[in-house]
>>> print(open('input.txt').read())   # compact mmCIF, N, CA and C atoms
# COMPACT_ATOMS: atom_id res chain seq x y z
N MET V 1 160.70 -11.48 -51.93
CA MET V 1 161.31 -10.48 -52.78
C MET V 1 162.83 -10.55 -52.64
N PRO V 2 163.42 -11.55 -53.27
CA PRO V 2 164.88 -11.70 -53.14
C PRO V 2 165.67 -10.63 -53.88
N ASN V 3 165.07 -9.91 -54.80
CA ASN V 3 165.79 -8.91 -55.58
C ASN V 3 165.56 -7.50 -55.08
N LEU V 4 165.02 -7.33 -53.90
CA LEU V 4 164.70 -6.01 -53.38
C LEU V 4 165.94 -5.12 -53.25
N SER V 5 167.04 -5.67 -52.77
CA SER V 5 168.25 -4.87 -52.61
C SER V 5 168.79 -4.42 -53.97
N THR V 6 168.72 -5.27 -54.97
CA THR V 6 169.17 -4.91 -56.31
C THR V 6 168.30 -3.80 -56.89
N ILE V 7 167.02 -3.90 -56.68
CA ILE V 7 166.09 -2.87 -57.18
C ILE V 7 166.34 -1.55 -56.49
N LEU V 8 166.54 -1.57 -55.17
CA LEU V 8 166.80 -0.33 -54.43
C LEU V 8 168.10 0.33 -54.87
N VAL V 9 169.15 -0.44 -55.04
CA VAL V 9 170.42 0.11 -55.50
C VAL V 9 170.26 0.68 -56.91
N GLY V 10 169.54 -0.01 -57.76
CA GLY V 10 169.29 0.49 -59.11
C GLY V 10 168.53 1.80 -59.11
N LEU V 11 167.55 1.93 -58.23
CA LEU V 11 166.79 3.18 -58.12
C LEU V 11 167.66 4.33 -57.62
N VAL V 12 168.54 4.05 -56.70
CA VAL V 12 169.45 5.09 -56.19
C VAL V 12 170.40 5.55 -57.29
N VAL V 13 170.96 4.61 -58.03
CA VAL V 13 171.86 4.96 -59.13
C VAL V 13 171.11 5.74 -60.21
N PHE V 14 169.92 5.29 -60.56
CA PHE V 14 169.11 6.01 -61.55
C PHE V 14 168.77 7.41 -61.07
N GLY V 15 168.44 7.57 -59.79
CA GLY V 15 168.12 8.88 -59.23
C GLY V 15 169.31 9.82 -59.29
N ALA V 16 170.50 9.32 -58.98
CA ALA V 16 171.70 10.15 -59.05
C ALA V 16 171.98 10.55 -60.50
N PHE V 17 171.83 9.63 -61.42
CA PHE V 17 172.05 9.92 -62.84
C PHE V 17 171.04 10.96 -63.33
N ALA V 18 169.80 10.82 -62.95
CA ALA V 18 168.76 11.77 -63.36
C ALA V 18 169.04 13.15 -62.77
N ALA V 19 169.50 13.22 -61.54
CA ALA V 19 169.81 14.51 -60.92
C ALA V 19 170.94 15.22 -61.65
N VAL V 20 171.95 14.48 -62.08
CA VAL V 20 173.06 15.07 -62.83
C VAL V 20 172.57 15.61 -64.17
N ILE V 21 171.73 14.86 -64.86
CA ILE V 21 171.21 15.29 -66.16
C ILE V 21 170.32 16.52 -65.99
N ILE V 22 169.45 16.52 -65.00
CA ILE V 22 168.56 17.66 -64.77
C ILE V 22 169.38 18.91 -64.44
N ARG V 23 170.41 18.76 -63.62
CA ARG V 23 171.26 19.91 -63.27
C ARG V 23 171.99 20.45 -64.51
N ALA V 24 172.45 19.57 -65.38
CA ALA V 24 173.13 20.00 -66.60
C ALA V 24 172.17 20.77 -67.50
N ILE V 25 170.94 20.32 -67.61
CA ILE V 25 169.95 21.01 -68.43
C ILE V 25 169.64 22.38 -67.84
N GLN V 26 169.50 22.46 -66.52
CA GLN V 26 169.24 23.75 -65.88
C GLN V 26 170.41 24.71 -66.08
N ASN V 27 171.63 24.22 -65.97
CA ASN V 27 172.80 25.08 -66.19
C ASN V 27 172.84 25.57 -67.63
N LYS V 28 172.52 24.71 -68.56
CA LYS V 28 172.52 25.10 -69.98
C LYS V 28 171.48 26.18 -70.24
N LYS V 29 170.30 26.04 -69.65
CA LYS V 29 169.24 27.04 -69.83
C LYS V 29 169.61 28.38 -69.19
N ASN V 30 170.39 28.34 -68.11
CA ASN V 30 170.79 29.56 -67.43
C ASN V 30 172.08 30.16 -67.99
N GLY V 31 172.63 29.56 -69.05
CA GLY V 31 173.83 30.09 -69.69
C GLY V 31 175.12 29.78 -68.98
N LYS V 32 175.11 28.83 -68.09
CA LYS V 32 176.33 28.44 -67.38
C LYS V 32 177.02 27.32 -68.15
N GLY V 33 178.33 27.27 -68.03
CA GLY V 33 179.10 26.22 -68.67
C GLY V 33 178.97 24.91 -67.92
N GLY V 34 179.46 23.85 -68.52
CA GLY V 34 179.31 22.55 -67.90
C GLY V 34 180.56 22.02 -67.23
N CYS V 35 181.74 22.52 -67.62
CA CYS V 35 182.95 21.90 -67.10
C CYS V 35 183.58 22.68 -65.96
N SER V 36 183.27 23.92 -65.78
CA SER V 36 183.76 24.80 -64.72
C SER V 36 185.28 24.92 -64.70
N CYS V 37 185.90 24.88 -65.87
CA CYS V 37 187.36 25.02 -65.92
C CYS V 37 187.78 26.30 -66.62
N GLY V 38 186.88 27.20 -66.85
CA GLY V 38 187.21 28.45 -67.53
C GLY V 38 186.93 28.35 -69.01
N CYS V 39 186.38 29.38 -69.58
CA CYS V 39 185.95 29.31 -70.98
C CYS V 39 186.84 30.10 -71.93
N ASP V 40 187.82 30.83 -71.43
CA ASP V 40 188.62 31.69 -72.29
C ASP V 40 189.40 30.90 -73.34
N SER V 41 189.97 29.79 -72.97
CA SER V 41 190.78 29.03 -73.91
C SER V 41 190.13 27.71 -74.33
N CYS V 42 188.87 27.54 -74.04
CA CYS V 42 188.17 26.29 -74.35
C CYS V 42 187.82 26.24 -75.83
N PRO V 43 188.16 25.15 -76.54
CA PRO V 43 187.82 25.07 -77.95
C PRO V 43 186.32 24.90 -78.20
N GLY V 44 185.56 24.49 -77.22
CA GLY V 44 184.12 24.31 -77.38
C GLY V 44 183.32 25.44 -76.78
N ARG V 45 183.91 26.61 -76.62
CA ARG V 45 183.25 27.73 -75.96
C ARG V 45 181.95 28.12 -76.65
N GLU V 46 181.92 28.08 -77.97
CA GLU V 46 180.73 28.49 -78.71
C GLU V 46 179.53 27.58 -78.42
N ASN V 47 179.78 26.36 -77.98
CA ASN V 47 178.68 25.45 -77.65
C ASN V 47 177.98 25.87 -76.37
N CYS V 48 178.73 26.35 -75.39
CA CYS V 48 178.14 26.76 -74.12
C CYS V 48 177.70 28.21 -74.14
N HIS V 49 178.46 29.05 -74.82
CA HIS V 49 178.21 30.49 -74.84
C HIS V 49 178.16 30.99 -76.27
N PRO V 50 177.05 30.78 -76.95
CA PRO V 50 176.97 31.24 -78.35
C PRO V 50 177.05 32.76 -78.42
N LYS V 51 177.63 33.24 -79.51
CA LYS V 51 177.75 34.69 -79.72
C LYS V 51 176.36 35.28 -79.96
N GLU V 52 176.09 36.40 -79.29
CA GLU V 52 174.80 37.05 -79.44
C GLU V 52 174.83 37.90 -80.71
N LYS V 53 173.70 37.94 -81.38
CA LYS V 53 173.61 38.71 -82.63
C LYS V 53 173.26 40.14 -82.37
>>> encode(input="input.txt", output="structure tokens")
Amino acid sequence: MPNLSTILVGLVVFGAFAAVIIRAIQNKKNGKGGCSCGCDSCPGRENCHPKEK
């Protein structure tokens, strides 16, 4: 298995990428923003915090 190290590194990178995506989805479902830089002056505020009707 000469490619074992490449496969292991690929799995670690994929796992880290999946963890970031899962965390972003959880934050979106919980109504939290994604950039953590403050939403008062953000031009994309309506995307993270839609106005309630």
>>> atom_distance(input="input.txt", atom1="CA of Asn27 (chain V)", atom2="atom C of Leu11 (chain V)")
23.0 Å
>>> atom_distance(input="input.txt", atom1="CA of Val13 (chain V)", atom2="CA of Asn30 (chain V)")
26.0 Å
>>> axis_aligned_box(input="input.txt", around="region 9-27 of chain V", padding_each_side="3 Å", output="lines of an AutoDock Vina configuration file")
center_x = 170.0
center_y = 12.6
center_z = -61.7
size_x = 12.3
size_y = 32.0
size_z = 19.4
>>> atom_distance(input="input.txt", atom1="atom C of Cys42 (chain V)", atom2="CA of Arg23 (chain V)")
21.7 Å
